[in-house]
Structure formats: structure tokens, C-alpha cells
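Undergrad: Here it is: the structure, laid out below.
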Amino acid sequence: MRQDQCPVIGSLWHRRRSGHDWAALVLLLCLGWSGVLLYPPAPVQAQVGTIYYVDKDRPDDSGDGLTWATAKRNLQTALALASAGAEIWVADGTYYPDEGTGQTNDNRASTFALKDGVAIYGGFAGTETLLSERDVAANVATLSGDIDGIPADNTDNAYHVVTSNGNATTALLDGFTITGGNANGSNPQDRGGGIYAFTSSQAQFANLTISSNTATFGGGVYNDGSSPQLHQR
């Protein structure tokens, strides 16, 4: 069983995007059992659609999700609503993939599945009106696979906290801690406890801390025939 293991790994690739050449350096740094992802600036995505707000301090998902005051409680509920062009702003707190619209409690197959054209941002206090006002370090938004709520026992944790299935570069996850995934099942549930990217995924990931995930292969991140883009904004 691997738990976000080292050594330091680096790779460099070059892509052409919107007529401009740019290079992305992918660097995985591990300290003990923790991994922190640090990358060069990503292209800025234009805001063109609805913003959905998520705040764990809300009592339930009855709000329309269109303001902080009427935010959804669960990220999965906002994801179910979001279509291409939407953004999801997530306040500090811990969010579980088995909670919200379409989910079953304690289902290990539950995962936060990225969507094309949807940008998911963490790091908000729950009062901001501009994306630039968020503070990822101060307002930690955590995506956790510890769906049974027993930190000392990961036996029943989600196989993959986050998945990206064939997503284009318009799928973005930015500003989260990803923890508690345990990919100890059969293929493909034996790889990518934190993030599992597959089917030629090119999703974008930025400002992520990936720690304390386990798997037979790739405790933190497993790229299965994929080339996701990782950045620090």
C-alpha cells in the first residue's frame, strides 16, 4: 500500500494554447506523508456563466446556491447543477463525496467528478464578491475521502476523492486540500486515492495540497493515459 510516497518527481511539457506557447512544470514535493503541488501560472479562465456558492456552515441544500446567503451545503449538489461556463465557489470547511445530490452515504465509489467547462474554486471565507478576494491559505477547503468519519481507520474511505474522466482543459479544480482517499480495491479502484485522471484527461489543477491518501498505485495522484495540467496561480 502506498501513501503519497516520494522521491521528488519533476516533469516538463510544452503545449500550444489559444495561439500562445507556454510551458508547465510539474513538481511533486513530499514531506513525510504529505504532498504539496506547486506549479507555474495557469491561463486565466474567463467568467462567463453562473456562480454557485457552497458553504458547509449552511444547514442544508435548500438554498438556490446563487449567493453566499443561499449557498448549498454540499459541493456535490452544486456540481450536479453546474453546466459548462459555471463556476463553483467553496467556503472553508470539509466536504465529502458521498454527501449531496445523487449520493449514497458511505459509498466508497463516491467521488468528486470534474465537469468540462466548470471551474471549482476553494479558499473563500463566505463573504467575497470577487475571485481575487479569496485566501486559499487562510480559508482551507478540504475534500476528504474519510466518508465514515473515523480518521484513525481508512478501511472504508472513498477509493478516489477526485476523478477526471476524459475532461478537456476547461475543467478546473483550484485551491483545495485533498486527503483521505484509499484506493485499495480492484482495478481501477486500486490507483489514485487522491486524484484519479483517466481516458486522456487534460483537466487543470491549481493550488492543491494532496496529503494522506493511500493506494496500491499512486497514493496521491494517478494519471492513467492522461496529461492533466497542474499550476500555481
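Ligands are numbered from 1 in the order shown, residues from 1 within each chain, and chains are lettered A, B, ... in the order they appear in the C-alpha cells.
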Excluding A:Thr179 and any residue of its chain fewer than 3 positions from it, enumerate the residues within 6 Å of it, using only C-alpha atoms, and give them as a list in words.
TA: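 Contacts, in chain order: Ser144, Ser211, Ser212 and Asn213 of chain A.
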Undergrad: So that I have them on file, write out the residues from the current selection with C-alpha atoms, as a compact mmCIF listing (two decimals), in the first residue's frame.
TA:
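Generated file (part_8.txt):
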# COMPACT_ATOMS: atom_id res chain seq x y z
CA SER A 144 -11.97 14.34 2.17
CA SER A 211 -1.80 14.53 1.57
CA SER A 212 -2.55 11.33 3.49
CA ASN A 213 -4.06 9.39 0.61
Undergrad: Mind checking which residues fall within 6 Å of stretch 118-124 of chain A, counting only C-alpha atoms, ignoring those fewer than 6 positions away in the same chain, and posting them as a list in words?
TA: Ala84, Gly85, Ala86, Glu87, Ile88, Trp89, Val90, Ala91, Asp92, Arg134, Asp135, Val136, Asn139, Val140, Ala141, Ala171, Leu172, Leu173, Asp174, Gly175 and Phe176 of chain A
Undergrad: Looking at A:Ala158, A:Ile210, A:Ala215, A:Ala78, which one is nearest to A:Asn187, with distances taken over only C-alpha atoms?
TA: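 Residue with the minimum atom-to-atom distance to A:Asn187: A:Ala215.
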Undergrad: Residues within 12 Å of A:Asn154, please, as a PyMOL selection string. Count only C-alpha atoms; anything in the same chain fewer than 5 positions from it doesn't count.
TA: chain A and resi 3+108+144-149+159+179-184+193+212-215
Undergrad: Do you have the atom CA of A:Thr127-atom CA of A:Asn74 distance handy?
TA: 17.4 Å
Undergrad: Any idea what the distance is between atom CA of A:Ala71 and atom CA of A:Asn157?
TA: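 It comes out at 26.6 Å.
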Undergrad: Of the candidates A:Thr70, A:Thr177, A:Thr142, A:Thr50, which one gets nearest to A:Gly126 if we count only C-alpha atoms?
TA: A:Thr70
